[in-house]
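**Q** Before we start, here is the structure in question, set down as structure tokens.
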Amino acid sequence: MAKNAKKSATKKIVRREYSKADVKELRAHSKAKTPVAKIAKLTKRSEGSLRQKALKLGIRLGHQR
């Protein structure tokens with residue numbers, strides 16, 4: 001019975017695809033040099049997800065100077 005309780009307590013991974021609007025917003029944040037943590041909260045995506053998408057698009061994220 002303990003095994004069943006533990007399975008229901010774990011969070012299910014839900015993957016959302018990036019829409020054209022999401023990509024446009026990501027490019028705008030890159031240009032504005034918005035920190036990745038702030039973008040993650042606004043878009044409700046993980047920092048890792050944002051970094052991977054930026055890498056695929058060939059744009060930079062998280063500029064701190």
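Chains: A, B, ... in order of the structure tokens. Residues: from 1 per chain. Ligands: from 1, in order shown.
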Got a sec: who's within 10 Å of Ala32 (chain A), counting only C-alpha atoms, leaving out chain neighbours fewer than 4 positions off, as a PyMOL selection string?

**A** chain A and resi 26-28+61-63

**Q** Work out how far apart CA of Ser19 (chain A) and CA of Leu50 (chain A) are and give it in Å to one decimal.

**A**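 So the answer is 13.0 Å.
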
**Q** For the atom pair CA of Leu42 (chain A) and CA of Arg16 (chain A), what is the interatomic distance in Å to one decimal place?

**A**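 Separating CA of Leu42 (chain A) from CA of Arg16 (chain A) is a distance of 14.9 Å.
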
**Q** To one decimal place in Å, what is the distance between CA of Leu55 (chain A) and CA of Ser30 (chain A)?

**A**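 About the pair CA of Leu55 (chain A) and CA of Ser30 (chain A): they are 11.7 Å apart.
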
**Q** Please identify which residues in chain A DSSP calls helix (DSSP H, G or I) from the backbone, and express them as a PDB file with N, CA and C atoms, in the first residue's frame.

**A**
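Okay, out.pdb is ready:
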ATOM      1  N   ALA A   2       2.019   1.182   0.599  1.00  0.00           N
ATOM      2  CA  ALA A   2       2.919   2.337   0.649  1.00  0.00           C
ATOM      3  C   ALA A   2       3.417   2.700  -0.753  1.00  0.00           C
ATOM      4  N   LYS A   3       3.606   1.692  -1.587  1.00  0.00           N
ATOM      5  CA  LYS A   3       4.078   1.950  -2.954  1.00  0.00           C
ATOM      6  C   LYS A   3       3.061   2.770  -3.746  1.00  0.00           C
ATOM      7  N   ASN A   4       1.797   2.447  -3.612  1.00  0.00           N
ATOM      8  CA  ASN A   4       0.746   3.172  -4.326  1.00  0.00           C
ATOM      9  C   ASN A   4       0.666   4.625  -3.890  1.00  0.00           C
ATOM     10  N   ALA A   5       0.832   4.860  -2.596  1.00  0.00           N
ATOM     11  CA  ALA A   5       0.774   6.227  -2.071  1.00  0.00           C
ATOM     12  C   ALA A   5       1.923   7.056  -2.615  1.00  0.00           C
ATOM     13  N   LYS A   6       3.084   6.441  -2.737  1.00  0.00           N
ATOM     14  CA  LYS A   6       4.253   7.166  -3.237  1.00  0.00           C
ATOM     15  C   LYS A   6       4.107   7.515  -4.723  1.00  0.00           C
ATOM     16  N   LYS A   7       3.555   6.610  -5.496  1.00  0.00           N
ATOM     17  CA  LYS A   7       3.377   6.864  -6.931  1.00  0.00           C
ATOM     18  C   LYS A   7       2.448   8.039  -7.190  1.00  0.00           C
ATOM     19  N   SER A   8       1.395   8.157  -6.426  1.00  0.00           N
ATOM     20  CA  SER A   8       0.444   9.245  -6.632  1.00  0.00           C
ATOM     21  C   SER A   8       1.006  10.583  -6.157  1.00  0.00           C
ATOM     22  N   ALA A   9       1.996  10.535  -5.250  1.00  0.00           N
ATOM     23  CA  ALA A   9       2.582  11.763  -4.712  1.00  0.00           C
ATOM     24  C   ALA A   9       3.588  12.385  -5.684  1.00  0.00           C
ATOM     25  N   LYS A  20       4.789  29.558 -31.872  1.00  0.00           N
ATOM     26  CA  LYS A  20       5.508  30.653 -32.534  1.00  0.00           C
ATOM     27  C   LYS A  20       5.573  31.873 -31.624  1.00  0.00           C
ATOM     28  N   ALA A  21       4.503  32.100 -30.871  1.00  0.00           N
ATOM     29  CA  ALA A  21       4.465  33.229 -29.936  1.00  0.00           C
ATOM     30  C   ALA A  21       5.482  33.037 -28.810  1.00  0.00           C
ATOM     31  N   ASP A  22       5.635  31.789 -28.334  1.00  0.00           N
ATOM     32  CA  ASP A  22       6.620  31.488 -27.283  1.00  0.00           C
ATOM     33  C   ASP A  22       8.037  31.779 -27.768  1.00  0.00           C
ATOM     34  N   VAL A  23       8.322  31.377 -28.995  1.00  0.00           N
ATOM     35  CA  VAL A  23       9.647  31.592 -29.585  1.00  0.00           C
ATOM     36  C   VAL A  23       9.912  33.090 -29.751  1.00  0.00           C
ATOM     37  N   LYS A  24       8.897  33.814 -30.198  1.00  0.00           N
ATOM     38  CA  LYS A  24       9.018  35.260 -30.381  1.00  0.00           C
ATOM     39  C   LYS A  24       9.307  35.947 -29.051  1.00  0.00           C
ATOM     40  N   GLU A  25       8.599  35.506 -27.997  1.00  0.00           N
ATOM     41  CA  GLU A  25       8.797  36.060 -26.659  1.00  0.00           C
ATOM     42  C   GLU A  25      10.206  35.746 -26.145  1.00  0.00           C
ATOM     43  N   LEU A  26      10.684  34.540 -26.414  1.00  0.00           N
ATOM     44  CA  LEU A  26      12.022  34.133 -25.991  1.00  0.00           C
ATOM     45  C   LEU A  26      13.098  34.980 -26.671  1.00  0.00           C
ATOM     46  N   ARG A  27      12.896  35.241 -27.957  1.00  0.00           N
ATOM     47  CA  ARG A  27      13.847  36.094 -28.692  1.00  0.00           C
ATOM     48  C   ARG A  27      13.851  37.525 -28.132  1.00  0.00           C
ATOM     49  N   ALA A  28      12.677  38.024 -27.780  1.00  0.00           N
ATOM     50  CA  ALA A  28      12.567  39.375 -27.222  1.00  0.00           C
ATOM     51  C   ALA A  28      13.283  39.466 -25.873  1.00  0.00           C
ATOM     52  N   HIS A  29      13.111  38.439 -25.041  1.00  0.00           N
ATOM     53  CA  HIS A  29      13.783  38.417 -23.740  1.00  0.00           C
ATOM     54  C   HIS A  29      15.297  38.318 -23.917  1.00  0.00           C
ATOM     55  N   SER A  30      15.731  37.581 -24.927  1.00  0.00           N
ATOM     56  CA  SER A  30      17.159  37.464 -25.197  1.00  0.00           C
ATOM     57  C   SER A  30      17.745  38.821 -25.567  1.00  0.00           C
ATOM     58  N   LYS A  31      17.028  39.530 -26.401  1.00  0.00           N
ATOM     59  CA  LYS A  31      17.478  40.849 -26.844  1.00  0.00           C
ATOM     60  C   LYS A  31      17.493  41.852 -25.687  1.00  0.00           C
ATOM     61  N   ALA A  32      16.511  41.729 -24.785  1.00  0.00           N
ATOM     62  CA  ALA A  32      16.409  42.618 -23.633  1.00  0.00           C
ATOM     63  C   ALA A  32      17.352  42.205 -22.498  1.00  0.00           C
ATOM     64  N   VAL A  36      17.430  34.485 -16.881  1.00  0.00           N
ATOM     65  CA  VAL A  36      16.698  33.255 -17.183  1.00  0.00           C
ATOM     66  C   VAL A  36      15.678  32.926 -16.094  1.00  0.00           C
ATOM     67  N   ALA A  37      16.014  33.170 -14.845  1.00  0.00           N
ATOM     68  CA  ALA A  37      15.083  32.880 -13.745  1.00  0.00           C
ATOM     69  C   ALA A  37      13.785  33.672 -13.902  1.00  0.00           C
ATOM     70  N   LYS A  38      13.899  34.911 -14.320  1.00  0.00           N
ATOM     71  CA  LYS A  38      12.720  35.760 -14.512  1.00  0.00           C
ATOM     72  C   LYS A  38      11.883  35.260 -15.703  1.00  0.00           C
ATOM     73  N   ILE A  39      12.544  34.873 -16.788  1.00  0.00           N
ATOM     74  CA  ILE A  39      11.846  34.348 -17.972  1.00  0.00           C
ATOM     75  C   ILE A  39      11.104  33.067 -17.592  1.00  0.00           C
ATOM     76  N   ALA A  40      11.753  32.224 -16.790  1.00  0.00           N
ATOM     77  CA  ALA A  40      11.154  30.952 -16.370  1.00  0.00           C
ATOM     78  C   ALA A  40       9.851  31.179 -15.607  1.00  0.00           C
ATOM     79  N   LYS A  41       9.847  32.170 -14.714  1.00  0.00           N
ATOM     80  CA  LYS A  41       8.629  32.469 -13.951  1.00  0.00           C
ATOM     81  C   LYS A  41       7.538  33.019 -14.850  1.00  0.00           C
ATOM     82  N   LEU A  42       7.907  33.882 -15.792  1.00  0.00           N
ATOM     83  CA  LEU A  42       6.915  34.487 -16.685  1.00  0.00           C
ATOM     84  C   LEU A  42       6.284  33.468 -17.627  1.00  0.00           C
ATOM     85  N   THR A  43       7.099  32.572 -18.163  1.00  0.00           N
ATOM     86  CA  THR A  43       6.615  31.604 -19.154  1.00  0.00           C
ATOM     87  C   THR A  43       6.114  30.302 -18.536  1.00  0.00           C
ATOM     88  N   GLU A  47      14.148  26.528 -16.273  1.00  0.00           N
ATOM     89  CA  GLU A  47      15.316  27.211 -16.831  1.00  0.00           C
ATOM     90  C   GLU A  47      16.016  26.315 -17.849  1.00  0.00           C
ATOM     91  N   GLY A  48      16.079  25.024 -17.545  1.00  0.00           N
ATOM     92  CA  GLY A  48      16.715  24.073 -18.450  1.00  0.00           C
ATOM     93  C   GLY A  48      16.014  24.001 -19.797  1.00  0.00           C
ATOM     94  N   SER A  49      14.688  24.022 -19.758  1.00  0.00           N
ATOM     95  CA  SER A  49      13.889  23.981 -20.979  1.00  0.00           C
ATOM     96  C   SER A  49      14.158  25.216 -21.845  1.00  0.00           C
ATOM     97  N   LEU A  50      14.207  26.368 -21.176  1.00  0.00           N
ATOM     98  CA  LEU A  50      14.458  27.624 -21.888  1.00  0.00           C
ATOM     99  C   LEU A  50      15.854  27.644 -22.502  1.00  0.00           C
ATOM    100  N   ARG A  51      16.827  27.168 -21.742  1.00  0.00           N
ATOM    101  CA  ARG A  51      18.210  27.146 -22.240  1.00  0.00           C
ATOM    102  C   ARG A  51      18.356  26.206 -23.438  1.00  0.00           C
ATOM    103  N   GLN A  52      17.694  25.039 -23.372  1.00  0.00           N
ATOM    104  CA  GLN A  52      17.760  24.084 -24.480  1.00  0.00           C
ATOM    105  C   GLN A  52      17.121  24.650 -25.742  1.00  0.00           C
ATOM    106  N   LYS A  53      15.981  25.325 -25.588  1.00  0.00           N
ATOM    107  CA  LYS A  53      15.301  25.916 -26.742  1.00  0.00           C
ATOM    108  C   LYS A  53      16.147  27.027 -27.342  1.00  0.00           C
ATOM    109  N   ALA A  54      16.753  27.846 -26.483  1.00  0.00           N
ATOM    110  CA  ALA A  54      17.614  28.929 -26.950  1.00  0.00           C
ATOM    111  C   ALA A  54      18.815  28.369 -27.708  1.00  0.00           C
ATOM    112  N   LEU A  55      19.365  27.262 -27.215  1.00  0.00           N
ATOM    113  CA  LEU A  55      20.502  26.621 -27.877  1.00  0.00           C
ATOM    114  C   LEU A  55      20.110  26.148 -29.278  1.00  0.00           C
ATOM    115  N   LYS A  56      18.931  25.541 -29.397  1.00  0.00           N
ATOM    116  CA  LYS A  56      18.442  25.065 -30.700  1.00  0.00           C
ATOM    117  C   LYS A  56      18.170  26.214 -31.666  1.00  0.00           C
ATOM    118  N   LEU A  57      17.694  27.350 -31.108  1.00  0.00           N
ATOM    119  CA  LEU A  57      17.402  28.519 -31.947  1.00  0.00           C
ATOM    120  C   LEU A  57      18.659  29.323 -32.268  1.00  0.00           C
TER     121      LEU A  57
END
